[in-house]
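Okay, my_file_29.pdb now, which holds PDB, C-alpha atoms, pLDDT in the B column:
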```pdb
ATOM      1  CA  MET A   1     -22.124  -1.495  78.573  1.00 39.00           C
ATOM      2  CA  SER A   2     -21.859   0.404  75.308  1.00 39.00           C
ATOM      3  CA  ARG A   3     -24.549  -1.374  73.364  1.00 42.00           C
ATOM      4  CA  GLU A   4     -28.215  -0.563  73.363  1.00 45.00           C
ATOM      5  CA  PRO A   5     -30.241  -3.014  75.531  1.00 47.00           C
ATOM      6  CA  GLY A   6     -31.927  -5.728  73.497  1.00 45.00           C
ATOM      7  CA  LEU A   7     -29.833  -5.047  70.396  1.00 45.00           C
ATOM      8  CA  ASP A   8     -27.556  -7.789  69.166  1.00 42.00           C
ATOM      9  CA  ARG A   9     -24.295  -7.039  67.390  1.00 47.00           C
ATOM     10  CA  ARG A  10     -25.810  -7.469  63.946  1.00 54.00           C
ATOM     11  CA  GLY A  11     -28.377  -4.784  64.699  1.00 67.00           C
ATOM     12  CA  ARG A  12     -31.478  -6.982  64.927  1.00 76.00           C
ATOM     13  CA  GLN A  13     -33.954  -6.021  67.611  1.00 88.00           C
ATOM     14  CA  PRO A  14     -35.783  -8.940  69.223  1.00 91.00           C
ATOM     15  CA  VAL A  15     -39.533  -8.586  68.697  1.00 94.00           C
ATOM     16  CA  TRP A  16     -40.974 -10.246  71.798  1.00 93.00           C
ATOM     17  CA  SER A  17     -38.248 -11.801  73.941  1.00 90.00           C
ATOM     18  CA  GLY A  18     -37.533  -8.498  75.643  1.00 85.00           C
ATOM     19  CA  LEU A  19     -40.880  -8.807  77.378  1.00 85.00           C
ATOM     20  CA  PHE A  20     -39.427 -11.760  79.279  1.00 84.00           C
ATOM     21  CA  THR A  21     -35.778 -10.752  79.624  1.00 86.00           C
ATOM     22  CA  ASP A  22     -35.843  -6.959  80.107  1.00 81.00           C
ATOM     23  CA  GLY A  23     -35.256  -6.260  83.754  1.00 86.00           C
ATOM     24  CA  LEU A  24     -34.455  -9.874  84.596  1.00 89.00           C
ATOM     25  CA  ALA A  25     -30.706  -9.279  84.440  1.00 85.00           C
ATOM     26  CA  ALA A  26     -31.068  -6.235  86.712  1.00 87.00           C
ATOM     27  CA  ARG A  27     -32.529  -8.501  89.404  1.00 93.00           C
ATOM     28  CA  ILE A  28     -29.446 -10.716  89.418  1.00 93.00           C
ATOM     29  CA  PRO A  29     -26.893  -9.431  91.954  1.00 94.00           C
ATOM     30  CA  PRO A  30     -23.515  -8.471  90.413  1.00 92.00           C
ATOM     31  CA  PRO A  31     -21.520 -11.156  92.270  1.00 94.00           C
ATOM     32  CA  VAL A  32     -23.780 -13.864  90.800  1.00 95.00           C
ATOM     33  CA  ARG A  33     -23.811 -12.540  87.215  1.00 92.00           C
ATOM     34  CA  PRO A  34     -20.777 -14.518  85.971  1.00 91.00           C
ATOM     35  CA  LEU A  35     -22.349 -17.766  87.182  1.00 93.00           C
ATOM     36  CA  ALA A  36     -25.739 -16.760  85.711  1.00 91.00           C
ATOM     37  CA  LEU A  37     -24.076 -15.940  82.379  1.00 88.00           C
ATOM     38  CA  THR A  38     -22.234 -19.270  82.340  1.00 86.00           C
ATOM     39  CA  SER A  39     -25.529 -21.030  83.080  1.00 88.00           C
ATOM     40  CA  ILE A  40     -27.335 -19.184  80.268  1.00 86.00           C
ATOM     41  CA  LYS A  41     -24.523 -20.061  77.843  1.00 82.00           C
ATOM     42  CA  ALA A  42     -24.648 -23.719  78.910  1.00 84.00           C
ATOM     43  CA  ILE A  43     -28.426 -23.895  78.510  1.00 86.00           C
ATOM     44  CA  HIS A  44     -28.152 -22.080  75.169  1.00 83.00           C
ATOM     45  CA  THR A  45     -25.506 -24.544  73.996  1.00 82.00           C
ATOM     46  CA  VAL A  46     -27.582 -27.588  74.980  1.00 86.00           C
ATOM     47  CA  ILE A  47     -30.661 -26.204  73.210  1.00 89.00           C
ATOM     48  CA  PHE A  48     -28.637 -25.339  70.098  1.00 87.00           C
ATOM     49  CA  ALA A  49     -27.015 -28.787  69.947  1.00 89.00           C
ATOM     50  CA  SER A  50     -30.368 -30.507  70.522  1.00 94.00           C
ATOM     51  CA  ILE A  51     -32.108 -28.606  67.742  1.00 95.00           C
ATOM     52  CA  ALA A  52     -29.172 -29.269  65.393  1.00 95.00           C
ATOM     53  CA  ALA A  53     -29.428 -33.001  66.159  1.00 97.00           C
ATOM     54  CA  LEU A  54     -33.174 -32.959  65.480  1.00 98.00           C
ATOM     55  CA  VAL A  55     -32.649 -31.240  62.132  1.00 98.00           C
ATOM     56  CA  ALA A  56     -29.988 -33.825  61.278  1.00 98.00           C
ATOM     57  CA  ALA A  57     -32.402 -36.650  62.204  1.00 98.00           C
ATOM     58  CA  VAL A  58     -35.120 -35.249  59.924  1.00 98.00           C
ATOM     59  CA  ALA A  59     -32.640 -34.866  57.080  1.00 98.00           C
ATOM     60  CA  TRP A  60     -31.127 -38.332  57.621  1.00 98.00           C
ATOM     61  CA  ASP A  61     -34.500 -40.061  57.785  1.00 98.00           C
ATOM     62  CA  GLY A  62     -35.508 -38.199  54.630  1.00 98.00           C
ATOM     63  CA  VAL A  63     -32.363 -39.196  52.736  1.00 98.00           C
ATOM     64  CA  ARG A  64     -32.930 -42.819  53.757  1.00 97.00           C
ATOM     65  CA  GLY A  65     -36.627 -42.565  52.885  1.00 97.00           C
ATOM     66  CA  LEU A  66     -37.567 -43.989  56.283  1.00 96.00           C
ATOM     67  CA  PRO A  67     -39.838 -41.595  58.150  1.00 96.00           C
ATOM     68  CA  ARG A  68     -40.734 -42.755  61.647  1.00 95.00           C
ATOM     69  CA  ARG A  69     -42.338 -41.407  64.793  1.00 96.00           C
ATOM     70  CA  ARG A  70     -39.026 -39.876  65.815  1.00 97.00           C
ATOM     71  CA  THR A  71     -38.969 -38.055  62.471  1.00 98.00           C
ATOM     72  CA  ALA A  72     -42.347 -36.490  63.195  1.00 97.00           C
ATOM     73  CA  PHE A  73     -41.258 -35.508  66.717  1.00 98.00           C
ATOM     74  CA  ALA A  74     -37.942 -34.089  65.481  1.00 98.00           C
ATOM     75  CA  ALA A  75     -39.658 -32.173  62.682  1.00 98.00           C
ATOM     76  CA  ALA A  76     -42.273 -30.726  65.041  1.00 98.00           C
ATOM     77  CA  VAL A  77     -39.664 -29.489  67.522  1.00 98.00           C
ATOM     78  CA  ALA A  78     -37.360 -28.124  64.793  1.00 97.00           C
ATOM     79  CA  ILE A  79     -40.256 -26.316  63.088  1.00 97.00           C
ATOM     80  CA  ALA A  80     -41.414 -24.876  66.431  1.00 97.00           C
ATOM     81  CA  GLU A  81     -37.879 -23.625  67.132  1.00 95.00           C
ATOM     82  CA  SER A  82     -37.731 -22.107  63.655  1.00 95.00           C
ATOM     83  CA  ILE A  83     -40.987 -20.262  64.311  1.00 96.00           C
ATOM     84  CA  VAL A  84     -39.695 -18.985  67.666  1.00 95.00           C
ATOM     85  CA  TYR A  85     -36.442 -17.785  66.059  1.00 92.00           C
ATOM     86  CA  ALA A  86     -38.093 -16.211  63.009  1.00 94.00           C
ATOM     87  CA  SER A  87     -40.879 -14.540  65.002  1.00 96.00           C
ATOM     88  CA  ASN A  88     -38.284 -12.826  67.218  1.00 95.00           C
ATOM     89  CA  ASN A  89     -36.568 -11.181  64.226  1.00 93.00           C
ATOM     90  CA  ARG A  90     -34.004 -13.988  63.968  1.00 90.00           C
ATOM     91  CA  VAL A  91     -32.745 -13.391  67.508  1.00 88.00           C
ATOM     92  CA  CYS A  92     -32.673 -16.288  69.941  1.00 87.00           C
ATOM     93  CA  PRO A  93     -34.756 -15.369  73.004  1.00 89.00           C
ATOM     94  CA  LEU A  94     -31.791 -16.108  75.308  1.00 87.00           C
ATOM     95  CA  THR A  95     -29.390 -13.794  73.437  1.00 85.00           C
ATOM     96  CA  PRO A  96     -30.602 -10.488  74.957  1.00 86.00           C
ATOM     97  CA  LEU A  97     -30.484 -11.973  78.459  1.00 86.00           C
ATOM     98  CA  ALA A  98     -26.907 -13.196  77.956  1.00 85.00           C
ATOM     99  CA  GLU A  99     -25.928  -9.774  76.652  1.00 85.00           C
ATOM    100  CA  GLU A 100     -27.625  -8.024  79.570  1.00 85.00           C
ATOM    101  CA  LEU A 101     -25.550 -10.206  81.898  1.00 86.00           C
ATOM    102  CA  GLY A 102     -22.352  -9.052  80.234  1.00 83.00           C
ATOM    103  CA  ALA A 103     -21.701 -11.255  77.200  1.00 81.00           C
ATOM    104  CA  ALA A 104     -20.200  -9.343  74.290  1.00 76.00           C
ATOM    105  CA  ASN A 105     -22.478 -11.449  72.112  1.00 70.00           C
ATOM    106  CA  GLY A 106     -25.079 -13.851  73.428  1.00 67.00           C
ATOM    107  CA  SER A 107     -25.170 -16.102  70.389  1.00 66.00           C
ATOM    108  CA  VAL A 108     -24.081 -19.668  71.074  1.00 60.00           C
ATOM    109  CA  THR A 109     -22.775 -20.168  67.563  1.00 57.00           C
ATOM    110  CA  ASP A 110     -20.521 -17.144  67.773  1.00 52.00           C
ATOM    111  CA  MET A 111     -18.973 -18.432  70.991  1.00 57.00           C
ATOM    112  CA  PHE A 112     -17.712 -21.651  69.452  1.00 62.00           C
ATOM    113  CA  LEU A 113     -17.522 -21.071  65.696  1.00 66.00           C
ATOM    114  CA  PRO A 114     -15.900 -18.486  63.437  1.00 73.00           C
ATOM    115  CA  ASP A 115     -18.285 -15.656  62.534  1.00 74.00           C
ATOM    116  CA  ALA A 116     -18.325 -16.611  58.842  1.00 80.00           C
ATOM    117  CA  VAL A 117     -19.515 -20.117  59.760  1.00 79.00           C
ATOM    118  CA  SER A 118     -22.044 -19.017  62.376  1.00 78.00           C
ATOM    119  CA  ARG A 119     -23.744 -16.664  59.923  1.00 82.00           C
ATOM    120  CA  LEU A 120     -24.442 -19.640  57.647  1.00 88.00           C
ATOM    121  CA  ILE A 121     -26.111 -21.807  60.281  1.00 88.00           C
ATOM    122  CA  PRO A 122     -29.706 -20.555  59.758  1.00 90.00           C
ATOM    123  CA  ALA A 123     -29.444 -21.034  55.977  1.00 93.00           C
ATOM    124  CA  VAL A 124     -27.753 -24.438  56.213  1.00 95.00           C
ATOM    125  CA  ALA A 125     -30.022 -25.762  58.969  1.00 95.00           C
ATOM    126  CA  GLY A 126     -33.128 -24.346  57.291  1.00 96.00           C
ATOM    127  CA  SER A 127     -32.151 -25.952  53.995  1.00 97.00           C
ATOM    128  CA  ALA A 128     -31.396 -29.303  55.643  1.00 98.00           C
ATOM    129  CA  LEU A 129     -34.734 -29.204  57.450  1.00 98.00           C
ATOM    130  CA  GLY A 130     -36.600 -28.249  54.274  1.00 98.00           C
ATOM    131  CA  VAL A 131     -34.962 -30.959  52.165  1.00 98.00           C
ATOM    132  CA  GLY A 132     -35.500 -33.516  54.923  1.00 98.00           C
ATOM    133  CA  LEU A 133     -39.183 -32.605  55.187  1.00 98.00           C
ATOM    134  CA  VAL A 134     -39.686 -32.867  51.418  1.00 98.00           C
ATOM    135  CA  LEU A 135     -37.927 -36.236  51.260  1.00 98.00           C
ATOM    136  CA  ASN A 136     -39.920 -37.586  54.217  1.00 98.00           C
ATOM    137  CA  VAL A 137     -43.226 -36.453  52.706  1.00 97.00           C
ATOM    138  CA  ARG A 138     -42.211 -38.077  49.409  1.00 97.00           C
ATOM    139  CA  ALA A 139     -41.403 -41.339  51.220  1.00 97.00           C
ATOM    140  CA  LEU A 140     -44.745 -41.244  53.057  1.00 96.00           C
ATOM    141  CA  ARG A 141     -46.594 -40.708  49.787  1.00 95.00           C
ATOM    142  CA  ARG A 142     -44.770 -43.642  48.231  1.00 94.00           C
ATOM    143  CA  GLU A 143     -45.719 -45.860  51.180  1.00 88.00           C
ATOM    144  CA  ASP A 144     -49.326 -44.717  50.930  1.00 86.00           C
ATOM    145  CA  SER A 145     -49.556 -45.396  47.197  1.00 84.00           C
ATOM    146  CA  THR A 146     -48.051 -48.886  47.532  1.00 85.00           C
ATOM    147  CA  SER A 147     -50.409 -49.854  50.364  1.00 75.00           C
ATOM    148  CA  ARG A 148     -53.533 -49.326  48.232  1.00 66.00           C
TER     149      ARG A 148
END
```
Written as structure tokens, that's how I'd like the structure from this file.
Amino acid sequence: MSREPGLDRRGRQPVWSGLFTDGLAARIPPPVRPLALTSIKAIHTVIFASIAALVAAVAWDGVRGLPRRRTAFAAAVAIAESIVYASNNRVCPLTPLAEELGAANGSVTDMFLPDAVSRLIPAVAGSALGVGLVLNVRALRREDSTSR
């Protein structure tokens, strides 16, 4: 492979995920690598879609002004995922493993969306999550002030 291990195509080095993924791909026998790569991509896709749905739930509950338990759960998971992503230099922890197994690019968004769209996902999702959180906090404050 012509790329440097642990380096995604945009040049960002993962900060900590290499500790878990470096050497893991080397332990997977070559005949099994295509299946392992397909599995990683499938898992990556499910995680990506799940986090996107949670962000949408936080935003939707915020727009409606109806925070619920699911809103708190969705916000907690989405914030945790954001911390994981940001703390690894904006590289998903599964990306280096997918690339080590032979993917030209391990990013789920780049597999299914045009590059111009996939580059916007962190900004769009982060903005939707932020706005949703603000609107939910505002709704909770309104509820609290009317219950006094």
* Contact residues around A:Arg33 with all atoms listed in the file at 12 Å, ignoring same-chain residues under 2 positions, as an MDAnalysis selection string -> chainID A and resid 24:31 35:40 97:103
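When atom CA of A:Pro14 is paired with atom CA of A:Val84, their separation reads 10.9 Å.
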* Structure fact -> Between atom CA of A:Ser17 and atom CA of A:Ala57 lies a distance of 28.1 Å
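Interatomic distance, atom CA of A:Pro96 to atom CA of A:Glu81: 16.9 Å.
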At a cut-off of 9 Å, can you tabulate as CSV every residue of stretch 8-62 of chain A near stretch 88-95 of chain A together with its closest atom pair and the distance in Å to one decimal, using only C-alpha atoms and ordering rows by chain then number?
```
residue,atom,partner,partner_atom,distance
A:Asp8,CA,A:Thr95,CA,7.6
A:Arg12,CA,A:Asn89,CA,6.6
A:Gln13,CA,A:Asn89,CA,6.7
A:Pro14,CA,A:Asn88,CA,5.0
A:Val15,CA,A:Asn88,CA,4.7
A:Trp16,CA,A:Asn88,CA,5.9
A:Ser17,CA,A:Pro93,CA,5.1
A:Gly18,CA,A:Pro93,CA,7.9
A:Phe20,CA,A:Pro93,CA,8.6
A:Thr21,CA,A:Leu94,CA,8.0
A:Ile40,CA,A:Leu94,CA,7.3
A:Lys41,CA,A:Leu94,CA,8.7
A:His44,CA,A:Leu94,CA,7.0
```
For the selection just defined, write its residues with C-alpha atoms to a file, as a JSON list (two decimals), in the frame of the given file.
```
[["chain", "number", "residue", "atom", "x", "y", "z"],
["A", 8, "ASP", "CA", -27.56, -7.79, 69.17],
["A", 12, "ARG", "CA", -31.48, -6.98, 64.93],
["A", 13, "GLN", "CA", -33.95, -6.02, 67.61],
["A", 14, "PRO", "CA", -35.78, -8.94, 69.22],
["A", 15, "VAL", "CA", -39.53, -8.59, 68.70],
["A", 16, "TRP", "CA", -40.97, -10.25, 71.80],
["A", 17, "SER", "CA", -38.25, -11.80, 73.94],
["A", 18, "GLY", "CA", -37.53, -8.50, 75.64],
["A", 20, "PHE", "CA", -39.43, -11.76, 79.28],
["A", 21, "THR", "CA", -35.78, -10.75, 79.62],
["A", 40, "ILE", "CA", -27.34, -19.18, 80.27],
["A", 41, "LYS", "CA", -24.52, -20.06, 77.84],
["A", 44, "HIS", "CA", -28.15, -22.08, 75.17]]
```
Could the residues of stretch 61-110 of chain A that have an atom at most 10 Å from stretch 137-148 of chain A be listed as CSV, each with its closest atom pair and the distance in Å to one decimal, counting only C-alpha atoms and ordered by chain and ascending residue number?
```
residue,atom,partner,partner_atom,distance
A:Asp61,CA,A:Ala139,CA,9.6
A:Gly62,CA,A:Ala139,CA,7.5
A:Val63,CA,A:Ala139,CA,9.4
A:Arg64,CA,A:Ala139,CA,9.0
A:Gly65,CA,A:Ala139,CA,5.2
A:Leu66,CA,A:Ala139,CA,6.9
A:Pro67,CA,A:Leu140,CA,7.1
A:Arg68,CA,A:Leu140,CA,9.6
```
Residues within 12 Å of A:Ala56, all atoms listed in the file, excluding chain neighbours under 2 positions, as a PDB file with C-alpha atoms, in the coordinates of the input:
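Generated file (out13.pdb):
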```pdb
ATOM      1  CA  ALA A  49     -27.015 -28.787  69.947  1.00 89.00           C
ATOM      2  CA  SER A  50     -30.368 -30.507  70.522  1.00 94.00           C
ATOM      3  CA  ILE A  51     -32.108 -28.606  67.742  1.00 95.00           C
ATOM      4  CA  ALA A  52     -29.172 -29.269  65.393  1.00 95.00           C
ATOM      5  CA  ALA A  53     -29.428 -33.001  66.159  1.00 97.00           C
ATOM      6  CA  LEU A  54     -33.174 -32.959  65.480  1.00 98.00           C
ATOM      7  CA  VAL A  58     -35.120 -35.249  59.924  1.00 98.00           C
ATOM      8  CA  ALA A  59     -32.640 -34.866  57.080  1.00 98.00           C
ATOM      9  CA  TRP A  60     -31.127 -38.332  57.621  1.00 98.00           C
ATOM     10  CA  ASP A  61     -34.500 -40.061  57.785  1.00 98.00           C
ATOM     11  CA  GLY A  62     -35.508 -38.199  54.630  1.00 98.00           C
ATOM     12  CA  VAL A  63     -32.363 -39.196  52.736  1.00 98.00           C
ATOM     13  CA  ARG A  70     -39.026 -39.876  65.815  1.00 97.00           C
ATOM     14  CA  THR A  71     -38.969 -38.055  62.471  1.00 98.00           C
ATOM     15  CA  ALA A  74     -37.942 -34.089  65.481  1.00 98.00           C
ATOM     16  CA  ALA A  75     -39.658 -32.173  62.682  1.00 98.00           C
ATOM     17  CA  ALA A  78     -37.360 -28.124  64.793  1.00 97.00           C
ATOM     18  CA  VAL A 124     -27.753 -24.438  56.213  1.00 95.00           C
ATOM     19  CA  ALA A 125     -30.022 -25.762  58.969  1.00 95.00           C
ATOM     20  CA  GLY A 126     -33.128 -24.346  57.291  1.00 96.00           C
ATOM     21  CA  SER A 127     -32.151 -25.952  53.995  1.00 97.00           C
ATOM     22  CA  ALA A 128     -31.396 -29.303  55.643  1.00 98.00           C
ATOM     23  CA  LEU A 129     -34.734 -29.204  57.450  1.00 98.00           C
ATOM     24  CA  GLY A 130     -36.600 -28.249  54.274  1.00 98.00           C
ATOM     25  CA  VAL A 131     -34.962 -30.959  52.165  1.00 98.00           C
ATOM     26  CA  GLY A 132     -35.500 -33.516  54.923  1.00 98.00           C
ATOM     27  CA  LEU A 133     -39.183 -32.605  55.187  1.00 98.00           C
TER      28      LEU A 133
END
```
Grab all the atoms of stretch 137-148 of chain A that the file lists, wrap them in a box along x, y and z, add 4 Å per side, and give me centre plus edge lengths in Å (one decimal) as lines of an AutoDock Vina configuration file.
```
center_x = -47.5
center_y = -43.2
center_z = 50.1
size_x = 20.1
size_y = 21.4
size_z = 13.9
```
Have stretch 78-95 of chain A completed to N, CA and C atoms, please, and pass it along as an mmCIF file, keeping the file's coordinate frame.
```
data_model
loop_
_atom_site.group_PDB
_atom_site.id
_atom_site.type_symbol
_atom_site.label_atom_id
_atom_site.label_comp_id
_atom_site.auth_asym_id
_atom_site.auth_seq_id
_atom_site.Cartn_x
_atom_site.Cartn_y
_atom_site.Cartn_z
ATOM 1 N N ALA A 78 -38.201 -28.989 65.622
ATOM 2 C CA ALA A 78 -37.360 -28.124 64.793
ATOM 3 C C ALA A 78 -38.186 -27.010 64.136
ATOM 4 N N ILE A 79 -39.388 -27.339 63.688
ATOM 5 C CA ILE A 79 -40.256 -26.316 63.088
ATOM 6 C C ILE A 79 -40.690 -25.310 64.149
ATOM 7 N N ALA A 80 -41.034 -25.787 65.344
ATOM 8 C CA ALA A 80 -41.414 -24.876 66.431
ATOM 9 C C ALA A 80 -40.257 -23.935 66.769
ATOM 10 N N GLU A 81 -39.052 -24.469 66.856
ATOM 11 C CA GLU A 81 -37.879 -23.625 67.132
ATOM 12 C C GLU A 81 -37.666 -22.619 66.020
ATOM 13 N N SER A 82 -37.874 -23.023 64.785
ATOM 14 C CA SER A 82 -37.731 -22.107 63.655
ATOM 15 C C SER A 82 -38.737 -20.968 63.742
ATOM 16 N N ILE A 83 -39.955 -21.287 64.155
ATOM 17 C CA ILE A 83 -40.987 -20.262 64.311
ATOM 18 C C ILE A 83 -40.613 -19.297 65.433
ATOM 19 N N VAL A 84 -40.124 -19.832 66.544
ATOM 20 C CA VAL A 84 -39.695 -18.985 67.666
ATOM 21 C C VAL A 84 -38.587 -18.033 67.204
ATOM 22 N N TYR A 85 -37.589 -18.571 66.534
ATOM 23 C CA TYR A 85 -36.442 -17.785 66.059
ATOM 24 C C TYR A 85 -36.877 -16.733 65.040
ATOM 25 N N ALA A 86 -37.664 -17.140 64.057
ATOM 26 C CA ALA A 86 -38.093 -16.211 63.009
ATOM 27 C C ALA A 86 -39.029 -15.136 63.558
ATOM 28 N N SER A 87 -39.917 -15.506 64.470
ATOM 29 C CA SER A 87 -40.879 -14.540 65.002
ATOM 30 C C SER A 87 -40.224 -13.501 65.912
ATOM 31 N N ASN A 88 -39.005 -13.768 66.357
ATOM 32 C CA ASN A 88 -38.284 -12.826 67.218
ATOM 33 C C ASN A 88 -37.223 -12.068 66.415
ATOM 34 N N ASN A 89 -37.467 -11.916 65.119
ATOM 35 C CA ASN A 89 -36.568 -11.181 64.226
ATOM 36 C C ASN A 89 -35.203 -11.851 64.107
ATOM 37 N N ARG A 90 -35.209 -13.175 64.094
ATOM 38 C CA ARG A 90 -34.004 -13.988 63.968
ATOM 39 C C ARG A 90 -33.013 -13.717 65.100
ATOM 40 N N VAL A 91 -33.548 -13.534 66.292
ATOM 41 C CA VAL A 91 -32.745 -13.391 67.508
ATOM 42 C C VAL A 91 -33.220 -14.453 68.487
ATOM 43 N N CYS A 92 -32.302 -15.289 68.947
ATOM 44 C CA CYS A 92 -32.673 -16.288 69.941
ATOM 45 C C CYS A 92 -33.156 -15.571 71.199
ATOM 46 N N PRO A 93 -34.239 -16.036 71.810
ATOM 47 C CA PRO A 93 -34.756 -15.369 73.004
ATOM 48 C C PRO A 93 -33.764 -15.281 74.160
ATOM 49 N N LEU A 94 -32.775 -16.168 74.229
ATOM 50 C CA LEU A 94 -31.791 -16.108 75.308
ATOM 51 C C LEU A 94 -30.658 -15.114 75.037
ATOM 52 N N THR A 95 -30.486 -14.696 73.792
ATOM 53 C CA THR A 95 -29.390 -13.794 73.437
ATOM 54 C C THR A 95 -29.444 -12.469 74.202
#
```
